[in-house]
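S.K.: Sharing final-v8.txt, compact mmCIF, C-alpha atoms and all ligand atoms:
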```txt
# COMPACT_ATOMS: atom_id res chain seq x y z
CA MET A 20 -2.71 2.26 -36.25
CA PRO A 21 -4.92 2.35 -33.17
CA ARG A 22 -4.91 -0.88 -31.28
CA VAL A 23 -8.16 -2.10 -29.84
CA VAL A 24 -7.83 -3.39 -26.33
CA ALA A 25 -10.95 -5.46 -26.03
CA GLU A 26 -12.24 -5.73 -22.52
CA ASN A 27 -13.40 -9.25 -23.13
CA LEU A 28 -9.76 -10.12 -22.46
CA MET A 29 -10.41 -8.86 -18.96
CA ASP A 30 -13.65 -10.83 -18.80
CA SER A 31 -11.78 -14.08 -19.12
CA ILE A 32 -9.47 -13.28 -16.26
CA ASP A 33 -10.24 -14.83 -12.92
CA PHE A 34 -8.07 -13.78 -10.06
CA TYR A 35 -7.08 -15.49 -6.89
CA ASP A 36 -6.86 -13.91 -3.49
CA GLN A 37 -3.87 -13.75 -1.17
CA ARG A 38 -4.26 -17.28 0.11
CA GLY A 39 -4.60 -18.74 -3.37
CA GLN A 40 -8.39 -19.02 -3.15
CA MET A 41 -10.60 -17.84 -5.97
CA ALA A 42 -11.24 -14.18 -5.26
CA ALA A 43 -14.89 -14.24 -4.23
CA SER A 44 -15.77 -15.55 -7.73
CA PRO A 45 -16.33 -12.42 -9.89
CA SER A 46 -13.78 -11.91 -12.64
CA LEU A 47 -11.95 -8.62 -13.05
CA GLY A 48 -14.12 -7.90 -16.08
CA GLU A 49 -17.26 -8.35 -13.98
CA LEU A 50 -15.89 -6.11 -11.29
CA LEU A 51 -14.98 -3.43 -13.81
CA LYS A 52 -18.52 -3.59 -15.12
CA TYR A 53 -19.66 -3.06 -11.55
CA VAL A 54 -17.41 0.00 -11.26
CA GLY A 55 -19.11 1.39 -14.36
CA ASP A 56 -22.50 0.80 -12.73
CA ILE A 57 -21.43 2.70 -9.59
CA ARG A 58 -20.44 5.68 -11.75
CA LYS A 59 -23.77 5.61 -13.52
CA ASP A 60 -25.66 5.50 -10.25
CA ALA A 61 -23.59 8.29 -8.74
CA ASN A 62 -23.42 10.67 -11.71
CA GLY A 63 -26.33 9.67 -13.91
CA ASP A 64 -23.56 8.91 -16.43
CA GLU A 65 -25.00 6.91 -19.31
CA THR A 66 -21.66 5.69 -20.59
CA PRO A 67 -22.04 1.96 -21.32
CA ALA A 68 -20.47 -0.04 -18.52
CA HIS A 69 -18.55 -2.27 -20.95
CA ARG A 70 -16.89 -0.13 -23.55
CA VAL A 71 -14.11 -1.12 -25.87
CA LEU A 72 -11.09 0.92 -25.03
CA GLU A 73 -8.99 2.20 -27.88
CA MET A 74 -5.32 2.75 -27.31
CA SER A 75 -2.54 3.58 -29.68
CA GLU A 76 0.68 1.53 -29.81
CA THR A 77 2.57 4.53 -28.46
CA SER A 78 0.39 4.85 -25.39
CA ILE A 79 0.89 1.16 -24.64
CA ASP A 80 4.66 1.39 -24.78
CA GLU A 81 4.86 4.73 -22.98
CA PRO A 82 6.24 4.22 -19.48
CA ARG A 83 3.87 5.23 -16.66
CA ALA A 84 1.33 6.53 -19.17
CA LEU A 85 -1.62 5.51 -17.04
CA PRO A 86 -1.74 7.34 -13.74
CA PHE A 87 -3.25 5.95 -10.58
CA VAL A 88 -3.81 8.14 -7.55
CA LEU A 89 -4.82 6.60 -4.25
CA LYS A 90 -6.28 9.18 -1.89
CA PHE A 91 -7.41 8.75 1.68
CA ASN A 92 -9.28 11.45 3.51
CA ASN A 93 -10.04 11.91 7.20
CA LEU A 94 -9.50 8.26 8.11
CA THR A 95 -10.57 7.71 11.68
CA TYR A 96 -10.79 4.39 13.45
CA SER A 97 -11.72 3.69 17.06
CA VAL A 98 -12.14 0.53 19.04
CA ASN A 99 -13.86 -0.19 22.32
CA VAL A 100 -11.40 -1.33 24.91
CA ARG A 101 -12.59 -3.36 27.85
CA ARG A 102 -11.70 -1.91 31.20
CA LYS A 103 -9.50 -3.90 33.51
CA LEU A 104 -11.55 -6.02 35.87
CA ASN A 105 -11.20 -4.78 39.45
CA PHE A 106 -13.52 -4.11 42.38
CA THR A 107 -14.44 -0.59 41.23
CA SER A 108 -15.28 -1.65 37.67
CA LEU A 109 -17.22 -4.68 38.97
CA TYR A 110 -19.21 -2.41 41.29
CA ARG A 111 -19.94 0.00 38.41
CA ASP A 112 -21.06 -2.93 36.23
CA LEU A 113 -23.42 -4.08 38.97
CA CYS A 114 -24.81 -0.54 39.24
CA GLY A 115 -25.29 -0.44 35.47
CA ARG A 116 -22.71 2.32 35.16
CA GLY A 117 -20.00 0.20 33.55
CA GLU A 118 -18.60 1.63 30.36
CA ASP A 119 -16.02 0.46 27.85
CA ARG A 120 -13.37 3.00 26.94
CA THR A 121 -13.01 4.15 23.33
CA LYS A 122 -9.49 4.13 21.98
CA VAL A 123 -8.79 6.15 18.83
CA LEU A 124 -6.23 4.24 16.76
CA LEU A 125 -6.35 6.48 13.67
CA ASN A 126 -7.31 10.11 14.03
CA ASP A 127 -8.18 12.13 10.92
CA ILE A 128 -5.49 10.88 8.55
CA SER A 129 -5.37 12.14 4.98
CA GLY A 130 -2.84 11.61 2.25
CA GLU A 131 -2.21 10.25 -1.18
CA ALA A 132 0.05 7.97 -3.15
CA ARG A 133 0.62 7.80 -6.89
CA ASP A 134 1.79 5.02 -9.16
CA GLY A 135 5.56 5.04 -9.39
CA GLU A 136 5.83 6.11 -5.77
CA LEU A 137 7.17 4.26 -2.79
CA VAL A 138 5.39 5.58 0.30
CA ALA A 139 6.51 4.85 3.86
CA VAL A 140 4.44 5.18 7.00
CA LEU A 141 6.73 5.93 9.93
CA GLY A 142 6.38 6.43 13.65
CA ALA A 143 7.23 5.00 17.03
CA SER A 144 6.00 1.60 18.11
CA GLY A 145 2.23 1.80 18.67
CA SER A 146 1.79 4.98 16.59
CA GLY A 147 -0.67 3.25 14.25
CA LYS A 148 1.48 2.35 11.23
CA SER A 149 0.15 -1.19 10.80
CA THR A 150 -3.39 -0.05 11.56
CA LEU A 151 -3.20 2.53 8.76
CA ILE A 152 -1.85 -0.02 6.27
CA ASP A 153 -4.65 -2.39 7.36
CA ALA A 154 -7.24 0.38 6.93
CA LEU A 155 -6.07 1.18 3.41
CA ALA A 156 -5.88 -2.49 2.48
CA ASN A 157 -9.47 -2.94 3.63
CA ARG A 158 -8.49 -5.27 6.44
CA ILE A 159 -10.55 -3.48 9.08
CA ALA A 160 -14.10 -4.49 9.93
CA LYS A 161 -16.58 -2.70 7.68
CA GLY A 162 -18.37 0.25 9.22
CA SER A 163 -15.82 0.95 11.93
CA LEU A 164 -13.53 2.98 9.69
CA LYS A 165 -14.65 6.55 8.98
CA GLY A 166 -13.41 8.59 6.04
CA THR A 167 -12.86 7.76 2.39
CA VAL A 168 -10.37 5.87 0.27
CA THR A 169 -10.49 6.53 -3.47
CA LEU A 170 -8.54 5.49 -6.51
CA ASN A 171 -8.57 8.07 -9.29
CA GLY A 172 -11.38 9.86 -7.52
CA GLU A 173 -13.66 6.81 -7.40
CA GLN A 174 -14.51 5.02 -4.18
CA LEU A 175 -12.92 1.60 -4.04
CA GLU A 176 -15.34 -1.26 -3.82
CA SER A 177 -13.82 -3.91 -1.54
CA ARG A 178 -13.98 -6.78 -4.05
CA LEU A 179 -12.26 -4.68 -6.70
CA LEU A 180 -9.58 -3.59 -4.24
CA LYS A 181 -8.94 -7.23 -3.41
CA VAL A 182 -8.28 -8.00 -7.06
CA ILE A 183 -6.08 -5.02 -7.92
CA SER A 184 -4.04 -4.91 -4.72
CA ALA A 185 -1.82 -7.19 -2.68
CA TYR A 186 -0.93 -7.27 0.98
CA VAL A 187 2.42 -8.72 1.96
CA MET A 188 2.58 -10.14 5.44
CA GLN A 189 5.76 -10.27 7.46
CA ASP A 190 5.97 -14.02 7.52
CA ASP A 191 4.62 -15.83 4.54
CA LEU A 192 4.64 -19.58 4.78
CA LEU A 193 6.96 -20.99 2.13
CA PHE A 194 7.73 -24.59 1.27
CA PRO A 195 11.32 -25.22 2.42
CA MET A 196 12.05 -27.93 -0.14
CA LEU A 197 11.12 -25.87 -3.21
CA THR A 198 13.58 -23.64 -5.05
CA VAL A 199 12.89 -19.92 -5.52
CA GLU A 200 11.89 -20.55 -9.14
CA GLU A 201 9.61 -23.46 -8.22
CA THR A 202 8.00 -21.40 -5.45
CA LEU A 203 7.17 -18.58 -7.86
CA MET A 204 5.97 -21.05 -10.49
CA PHE A 205 3.70 -22.61 -7.89
CA ALA A 206 2.29 -19.14 -7.14
CA ALA A 207 1.85 -18.48 -10.88
CA GLU A 208 -0.15 -21.73 -11.26
CA PHE A 209 -2.45 -20.71 -8.42
CA ARG A 210 -2.80 -17.01 -8.92
CA LEU A 211 -2.58 -16.25 -12.62
CA PRO A 212 -5.65 -16.65 -14.81
CA ARG A 213 -6.48 -20.18 -15.80
CA THR A 214 -6.56 -18.97 -19.40
CA PHE A 215 -2.81 -18.30 -19.22
CA SER A 216 -0.68 -20.94 -20.93
CA LYS A 217 2.19 -22.63 -19.09
CA SER A 218 4.69 -20.73 -21.24
CA LYS A 219 3.12 -17.37 -20.35
CA LYS A 220 3.31 -18.26 -16.67
CA LYS A 221 6.97 -19.25 -17.08
CA LEU A 222 7.69 -15.92 -18.76
CA ARG A 223 6.02 -14.05 -15.92
CA VAL A 224 8.08 -16.00 -13.35
CA GLN A 225 11.35 -15.29 -15.17
CA ALA A 226 10.54 -11.56 -15.43
CA LEU A 227 9.69 -11.55 -11.74
CA ILE A 228 12.96 -13.30 -10.76
CA ASP A 229 14.86 -10.48 -12.48
CA GLN A 230 12.67 -7.77 -10.96
CA LEU A 231 13.22 -9.24 -7.49
CA GLY A 232 16.98 -9.46 -8.04
CA LEU A 233 16.83 -13.21 -7.41
CA ARG A 234 18.57 -14.52 -10.55
CA ASN A 235 21.53 -15.93 -8.60
CA ALA A 236 19.23 -17.58 -6.07
CA ALA A 237 16.66 -18.90 -8.57
CA LYS A 238 17.80 -22.54 -8.23
CA THR A 239 18.41 -22.38 -4.46
CA VAL A 240 15.94 -24.05 -2.13
CA ILE A 241 14.03 -21.91 0.36
CA GLY A 242 15.30 -24.04 3.26
CA ASP A 243 14.51 -23.89 6.96
CA GLU A 244 16.25 -24.18 10.33
CA GLY A 245 17.43 -27.71 9.51
CA HIS A 246 18.39 -27.14 5.85
CA ARG A 247 20.38 -24.18 4.64
CA GLY A 248 18.63 -22.24 1.93
CA VAL A 249 18.17 -18.68 0.73
CA SER A 250 19.11 -15.74 2.99
CA GLY A 251 16.56 -13.83 5.08
CA GLY A 252 16.48 -10.94 2.61
CA GLU A 253 16.05 -13.27 -0.37
CA ARG A 254 13.28 -15.10 1.44
CA ARG A 255 11.48 -11.78 2.05
CA ARG A 256 11.78 -10.95 -1.67
CA VAL A 257 10.34 -14.36 -2.61
CA SER A 258 7.36 -13.58 -0.34
CA ILE A 259 6.88 -10.27 -2.11
CA GLY A 260 7.12 -12.04 -5.48
CA ILE A 261 4.34 -14.46 -4.54
CA ASP A 262 2.05 -11.56 -3.71
CA ILE A 263 2.83 -9.50 -6.81
CA ILE A 264 2.69 -12.30 -9.35
CA HIS A 265 -0.53 -10.81 -10.78
CA ASP A 266 1.04 -7.33 -11.08
CA PRO A 267 -1.17 -5.48 -8.58
CA ILE A 268 -1.82 -1.76 -8.93
CA ILE A 269 -1.44 -1.23 -5.19
CA LEU A 270 0.96 -3.10 -2.97
CA PHE A 271 0.69 -2.83 0.81
CA LEU A 272 3.43 -4.14 3.08
CA ASP A 273 3.60 -4.24 6.86
CA GLU A 274 7.20 -3.75 7.99
CA PRO A 275 8.86 -5.56 5.07
CA THR A 276 12.32 -4.84 6.45
CA SER A 277 11.79 -6.04 10.01
CA GLY A 278 14.39 -8.49 11.25
CA LEU A 279 16.74 -7.85 8.32
CA ASP A 280 20.25 -6.42 8.46
CA SER A 281 20.69 -3.03 6.83
CA THR A 282 22.04 -4.38 3.51
CA SER A 283 19.24 -6.94 3.15
CA ALA A 284 16.69 -4.29 4.14
CA TYR A 285 18.08 -1.94 1.52
CA MET A 286 17.85 -4.65 -1.16
CA VAL A 287 14.23 -5.40 -0.25
CA VAL A 288 13.31 -1.71 -0.46
CA LYS A 289 15.26 -1.36 -3.73
CA VAL A 290 13.05 -4.12 -5.13
CA LEU A 291 9.96 -2.27 -3.86
CA GLN A 292 11.17 0.88 -5.60
CA ARG A 293 11.54 -1.15 -8.83
CA ILE A 294 8.00 -2.49 -8.40
CA ALA A 295 6.67 1.04 -7.87
CA GLN A 296 8.55 2.33 -10.89
CA SER A 297 7.04 -0.39 -13.05
CA GLY A 298 3.66 1.30 -12.48
CA SER A 299 2.37 0.36 -9.02
CA ILE A 300 1.61 2.28 -5.86
CA VAL A 301 3.69 0.80 -3.03
CA MET A 302 2.80 1.63 0.59
CA MET A 303 4.64 0.17 3.52
CA SER A 304 5.09 0.67 7.22
CA VAL A 305 8.69 0.91 8.36
CA HIS A 306 10.20 1.33 11.78
CA GLN A 307 13.37 3.34 11.41
CA PRO A 308 14.77 3.67 7.90
CA SER A 309 18.50 4.13 7.51
CA TYR A 310 19.82 7.19 5.67
CA ARG A 311 20.49 5.04 2.57
CA LEU A 312 16.99 3.61 2.66
CA LEU A 313 15.45 7.06 3.01
CA GLY A 314 16.94 7.93 -0.38
CA LEU A 315 14.66 5.32 -1.99
CA LEU A 316 11.43 6.70 -0.55
CA ASP A 317 9.24 9.15 -2.46
CA ARG A 318 6.76 10.07 0.24
CA LEU A 319 6.69 9.83 4.01
CA LEU A 320 3.81 9.85 6.42
CA PHE A 321 4.82 10.21 10.07
CA LEU A 322 2.31 9.22 12.72
CA SER A 323 2.18 10.00 16.41
CA ARG A 324 -0.46 8.23 18.50
CA GLY A 325 -2.64 7.73 15.43
CA GLN A 326 -2.33 11.31 14.20
CA PRO A 327 -0.39 12.54 11.17
CA VAL A 328 2.53 14.83 12.07
CA PHE A 329 4.29 15.03 8.70
CA ASN A 330 3.21 14.15 5.20
CA GLY A 331 5.53 14.90 2.31
CA SER A 332 8.69 13.94 0.47
CA PRO A 333 11.99 13.35 2.29
CA ALA A 334 13.24 16.55 0.62
CA ASP A 335 10.44 18.50 2.38
CA LEU A 336 11.66 17.48 5.85
CA PRO A 337 14.29 20.24 6.40
CA LEU A 338 11.95 23.08 5.36
CA PHE A 339 9.05 21.62 7.33
CA PHE A 340 11.00 21.35 10.57
CA SER A 341 12.77 24.69 10.16
CA ASP A 342 9.36 26.35 9.56
CA PHE A 343 8.14 24.57 12.69
CA GLY A 344 11.01 26.14 14.60
CA ASN A 345 13.20 23.05 14.97
CA PRO A 346 15.67 23.05 12.06
CA ILE A 347 17.41 19.75 11.36
CA PRO A 348 21.16 20.14 11.98
CA ASP A 349 23.38 19.47 8.95
CA LYS A 350 24.53 15.86 8.51
CA GLU A 351 21.88 14.60 10.94
CA ASN A 352 19.74 11.66 9.81
CA ARG A 353 16.48 13.46 8.97
CA THR A 354 14.13 10.64 9.91
CA GLU A 355 15.95 9.97 13.16
CA PHE A 356 15.74 13.68 13.98
CA ALA A 357 12.02 13.74 13.18
CA LEU A 358 11.30 10.59 15.18
CA ASP A 359 13.33 11.87 18.16
CA LEU A 360 11.54 15.24 18.11
CA ILE A 361 8.14 13.54 17.89
CA ARG A 362 9.05 11.29 20.83
CA GLU A 363 10.22 14.32 22.81
CA LEU A 364 6.98 16.21 22.10
CA GLU A 365 4.94 13.14 23.06
CA GLY A 366 6.51 13.40 26.51
CA THR A 367 5.46 17.02 27.01
CA PRO A 368 2.09 18.09 28.52
CA GLY A 369 0.78 19.44 25.19
CA GLY A 370 1.99 16.35 23.34
CA THR A 371 2.29 16.63 19.56
CA LYS A 372 -0.85 18.81 19.24
CA ARG A 373 1.13 21.82 17.96
CA LEU A 374 2.94 19.66 15.37
CA VAL A 375 -0.35 18.06 14.26
CA GLU A 376 -1.87 21.53 13.76
CA PHE A 377 1.25 22.81 12.01
CA ASN A 378 1.20 19.81 9.65
CA LYS A 379 -2.48 20.48 8.84
CA ALA A 380 -1.71 24.12 7.97
CA TRP A 381 1.31 23.01 5.92
CA GLN A 382 -0.80 20.48 3.97
CA ASN A 383 -3.44 23.12 3.24
CA MET A 384 -0.79 25.53 2.03
CA LYS A 385 0.76 22.84 -0.21
CA ARG A 386 -2.65 21.87 -1.59
CA ALA A 387 -3.49 25.49 -2.39
CA HIS A 388 -0.12 25.92 -4.10
CA ASN A 389 -0.47 22.71 -6.17
CA THR A 390 -3.99 23.58 -7.25
CA THR A 391 -2.86 26.97 -8.50
CA ALA A 392 0.30 25.65 -10.14
CA ILE A 393 -1.02 22.48 -11.77
CA GLY A 394 -4.74 23.15 -11.92
CA ASP A 395 -5.96 19.58 -11.56
CA GLU A 396 -4.46 17.64 -8.66
CA THR A 397 -5.39 14.23 -10.09
CA PRO A 398 -3.84 13.75 -13.51
CA THR A 399 -6.07 10.88 -14.59
CA ARG A 400 -5.92 12.03 -18.22
CA GLY A 401 -9.68 11.82 -18.50
CA LEU A 402 -9.73 8.04 -17.96
CA THR A 403 -12.30 6.50 -15.68
CA LEU A 404 -10.99 4.09 -13.08
CA LYS A 405 -12.31 1.21 -15.10
CA GLU A 406 -10.53 2.36 -18.24
CA ALA A 407 -7.28 2.94 -16.39
CA ILE A 408 -7.42 -0.56 -14.84
CA SER A 409 -8.27 -2.19 -18.18
CA ALA A 410 -5.45 -0.38 -19.90
CA LYS A 411 -2.96 -1.24 -17.16
CA TYR A 412 -3.70 -4.95 -17.38
CA SER A 413 -3.88 -5.08 -21.15
CA LYS A 414 -0.50 -3.41 -21.07
CA GLY A 415 0.75 -5.88 -18.48
CA TYR A 416 -0.30 -8.95 -20.38
CA TYR A 417 1.05 -7.43 -23.55
CA LYS A 418 4.47 -7.75 -21.93
CA TYR A 419 4.05 -11.53 -21.54
CA PRO A 420 2.57 -12.69 -24.84
N1 LIG A 501 -7.93 -4.24 18.23
C1 LIG A 501 -7.30 -3.38 19.00
N2 LIG A 501 -7.80 -3.04 20.20
C2 LIG A 501 -7.19 -2.18 21.00
N3 LIG A 501 -6.02 -1.57 20.70
C3 LIG A 501 -5.46 -1.89 19.53
C4 LIG A 501 -6.07 -2.80 18.61
N4 LIG A 501 -5.28 -2.90 17.53
C5 LIG A 501 -4.22 -2.08 17.73
N5 LIG A 501 -4.33 -1.50 18.94
C6 LIG A 501 -3.41 -0.50 19.52
O1 LIG A 501 -3.29 0.56 18.57
C7 LIG A 501 -2.00 1.12 18.60
C8 LIG A 501 -1.41 1.12 17.20
O2 LIG A 501 -1.09 -0.21 16.83
P1 LIG A 501 -0.25 -0.54 15.52
O3 LIG A 501 0.02 -2.00 15.50
O4 LIG A 501 -0.94 0.04 14.35
O5 LIG A 501 1.09 0.29 15.80
P2 LIG A 501 2.44 0.27 15.01
O6 LIG A 501 2.82 1.68 14.82
O7 LIG A 501 2.34 -0.55 13.78
O8 LIG A 501 3.41 -0.40 16.06
P3 LIG A 501 4.67 -1.38 15.84
O9 LIG A 501 5.75 -0.56 15.19
O10 LIG A 501 5.06 -1.76 17.24
O11 LIG A 501 4.23 -2.54 15.00
C9 LIG A 501 -1.23 0.32 19.61
O12 LIG A 501 -1.24 1.00 20.82
C10 LIG A 501 -2.01 -0.98 19.73
O13 LIG A 501 -1.84 -1.56 20.97
```
As structure tokens - that is how I would like this structure written.
Ligand SMILES: Nc1ncnc2c1ncn2[C@@H]1O[C@H](COP(=O)(O)OP(=O)(O)OP(=O)(O)O)[C@@H](O)[C@H]1O

M.R.:
Amino acid sequence: MPRVVAENLMDSIDFYDQRGQMAASPSLGELLKYVGDIRKDANGDETPAHRVLEMSETSIDEPRALPFVLKFNNLTYSVNVRRKLNFTSLYRDLCGRGEDRTKVLLNDISGEARDGELVAVLGASGSGKSTLIDALANRIAKGSLKGTVTLNGEQLESRLLKVISAYVMQDDLLFPMLTVEETLMFAAEFRLPRTFSKSKKKLRVQALIDQLGLRNAAKTVIGDEGHRGVSGGERRRVSIGIDIIHDPIILFLDEPTSGLDSTSAYMVVKVLQRIAQSGSIVMMSVHQPSYRLLGLLDRLLFLSRGQPVFNGSPADLPLFFSDFGNPIPDKENRTEFALDLIRELEGTPGGTKRLVEFNKAWQNMKRAHNTTAIGDETPTRGLTLKEAISAKYSKGYYKYP
């Protein structure tokens, strides 16, 4: 029997932003209505903004039945950098010839990420990893970022993105005297809809504790320098848990493994893989992933001085670099090889220009191949963004009755 997923469920859901504040007041339902209005304006589409979505029981239980594709095209971001103050610059200022220098932090970056995928942005220090994560998470001043970011082909309105995504910072402030379970319960009280009963919130917290692999640490206090508590890796997973309590569609993380030993880093990324596989898009910046960690990643985006130099799966790396003329020797760590080669090229007079161009040609070739092989690159199954979001959350709440 078809099940009716009424969107008025969504109407009653208020969400909270990353700091536990009400997310700029509109509910998810209101925002979804707004998405419908954007479509109408853009396409002349007369579809009512608030439709009742019909879904069968099978489609609700089907794993990863609702695809989400985040695409970013030609992202470019520059800032004005003040010149150092010296006699020459002072003289030029006095003559009215003083000029600030423009620094390009992101230069024509395109790519995509799909639900179920764990995507890593890699590159040397200062290559623009954090800036790209910030740009995608809408944490860059409006107007200064050029290019487009879309979800399922529809441009993401910033308020909607805020509700359906989460950004995990490196150092979340946690209360040292609370246990892991209490910390997550505290987050549930603040961030889950007010309409949720206490028992629903408890169920969500218990499911999250298992997803984060924190069952054995659930009753341990967070602790601090003076009081022994959870380990660094567990602490990082608690921070992630706080930010994903509302089951975001997109999760952004800036260097989630920094400062952790390789085993703790692996466990954090394993949790991120689990989160992705439960139906989210997970994008993170990472400095130098170990060989073991690389095995968990679905897609890599290498940057060099703000430009993309490789965009593909870890399995694509050997073919890419052998086609480029620098085959990766057997048994060599592929990411280390790539990062070393990029660093080497950066030190040459031509820089990474040839690699940037080669990557562009490679992307075009891949795109042409995919379009011929699959036909449609974005398998949204005919759902509008609004319908896909509604279905995802109805499905999510269905899990915690
Ligand atoms: N507001 C800004 N003004 C000027 N330069 C900036 C600004 N923000 C970032 N940068 C510069 O942009 C470059 C990219 O910075 P970003 O933090 O994104 O690099 P990263 O790859 O994440 O580095 P790391 O691995 O060290 O964290 C750096 O050279 C940085 O100094």

S.K.: Might you pull out every residue within 8 Å of region 352-364 of chain A, with all atoms listed in the file counted and same-chain residues fewer than 3 positions away left off, and present them as an mmCIF file with C-alpha atoms, in the frame of the given file?

M.R.:
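What follows is the written file result.cif:
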```
data_model
loop_
_atom_site.group_PDB
_atom_site.id
_atom_site.type_symbol
_atom_site.label_atom_id
_atom_site.label_comp_id
_atom_site.auth_asym_id
_atom_site.auth_seq_id
_atom_site.Cartn_x
_atom_site.Cartn_y
_atom_site.Cartn_z
ATOM 1 C CA GLY A 142 6.380 6.430 13.650
ATOM 2 C CA ALA A 143 7.230 5.000 17.030
ATOM 3 C CA GLN A 307 13.370 3.340 11.410
ATOM 4 C CA PRO A 308 14.770 3.670 7.900
ATOM 5 C CA SER A 309 18.500 4.130 7.510
ATOM 6 C CA TYR A 310 19.820 7.190 5.670
ATOM 7 C CA LEU A 313 15.450 7.060 3.010
ATOM 8 C CA SER A 323 2.180 10.000 16.410
ATOM 9 C CA LEU A 336 11.660 17.480 5.850
ATOM 10 C CA PRO A 337 14.290 20.240 6.400
ATOM 11 C CA ILE A 347 17.410 19.750 11.360
ATOM 12 C CA THR A 367 5.460 17.020 27.010
ATOM 13 C CA GLY A 369 0.780 19.440 25.190
ATOM 14 C CA GLY A 370 1.990 16.350 23.340
ATOM 15 C CA THR A 371 2.290 16.630 19.560
#
```

S.K.: With only C-alpha atoms and all ligand atoms counted, collect every polymer residue having an atom within 7 Å of ligand LIG 501 (chain A); state the result as a PyMOL selection string.

M.R.: chain A and resi 98+100+122+124+142-151+306+325

S.K.: Could you please determine the separation between CA of Glu176 (chain A) and CA of Glu406 (chain A) in Å, to one decimal place?

M.R.: 15.6 Å

S.K.: Please report the interatomic distance between CA of Arg293 (chain A) and CA of Ile261 (chain A) in Å with one decimal.

M.R.: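 If I compute the distance from CA of Arg293 (chain A) to CA of Ile261 (chain A), I get 15.7 Å.
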
S.K.: Compare A:Asp266, A:Glu131, A:Glu365, A:Asp280 by their minimum atom-to-atom distance to Asn171 (chain A), counting all atoms listed in the file, and give me the closest one.

M.R.: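 Looking only at the distances to Asn171 (chain A), the closest residue turns out to be A:Glu131.
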
S.K.: Compare A:Leu155, A:Met196, A:Leu179, A:Met302 by their minimum atom-to-atom distance to Gly245 (chain A), counting only C-alpha atoms, and give me the closest one.

M.R.: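 Of A:Leu155, A:Met196, A:Leu179, A:Met302, the one nearest Gly245 (chain A) is A:Met196, counting only C-alpha atoms.
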
S.K.: Within 12 Å of (21.3, -0.7, 3.7) in the file's own coordinates, which protein, DNA or RNA residues have an atom, counting only C-alpha atoms? List them as a list in words.

M.R.: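 Output of the proximity query reads Gly252, Thr276, Leu279, Asp280, Ser281, Thr282, Ser283, Ala284, Tyr285, Met286, Val287, Val288, Lys289, Gln307, Pro308, Ser309, Tyr310, Arg311, Leu312, Leu313, Gly314 and Leu315 of chain A.
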
S.K.: Of the candidates A:Ala139, A:Ala206, A:Val187, A:Gly298, which shows the shortest atom-to-atom distance to Leu316 (chain A), using only C-alpha atoms?

M.R.: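 Answer, going by the shortest atom-to-atom distance: A:Ala139.
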
S.K.: One decimal, in Å: what's the spacing between CA of Leu374 (chain A) and CA of Val301 (chain A)?

M.R.: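 Separation between CA of Leu374 (chain A) and CA of Val301 (chain A): 26.4 Å.
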
S.K.: Do a neighbour search on Glu376 (chain A) at 12 Å with only C-alpha atoms, toss out local chain neighbours closer than 3 positions, and write the hits as a list in words.

M.R.: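 The residues that qualify are Asp127, Gln326, Pro327, Val328, Phe329, Phe343, Gly369, Gly370, Thr371, Lys372, Arg373, Lys379, Ala380, Trp381, Gln382 and Asn383 of chain A.
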
S.K.: Excluding Val138 (chain A) and residues on its chain fewer than 6 positions from it, collect all residues at most 8 Å away from it, counting only C-alpha atoms, and give them as an MDAnalysis selection string.

M.R.: chainID A and resid 132 300:303 316:320
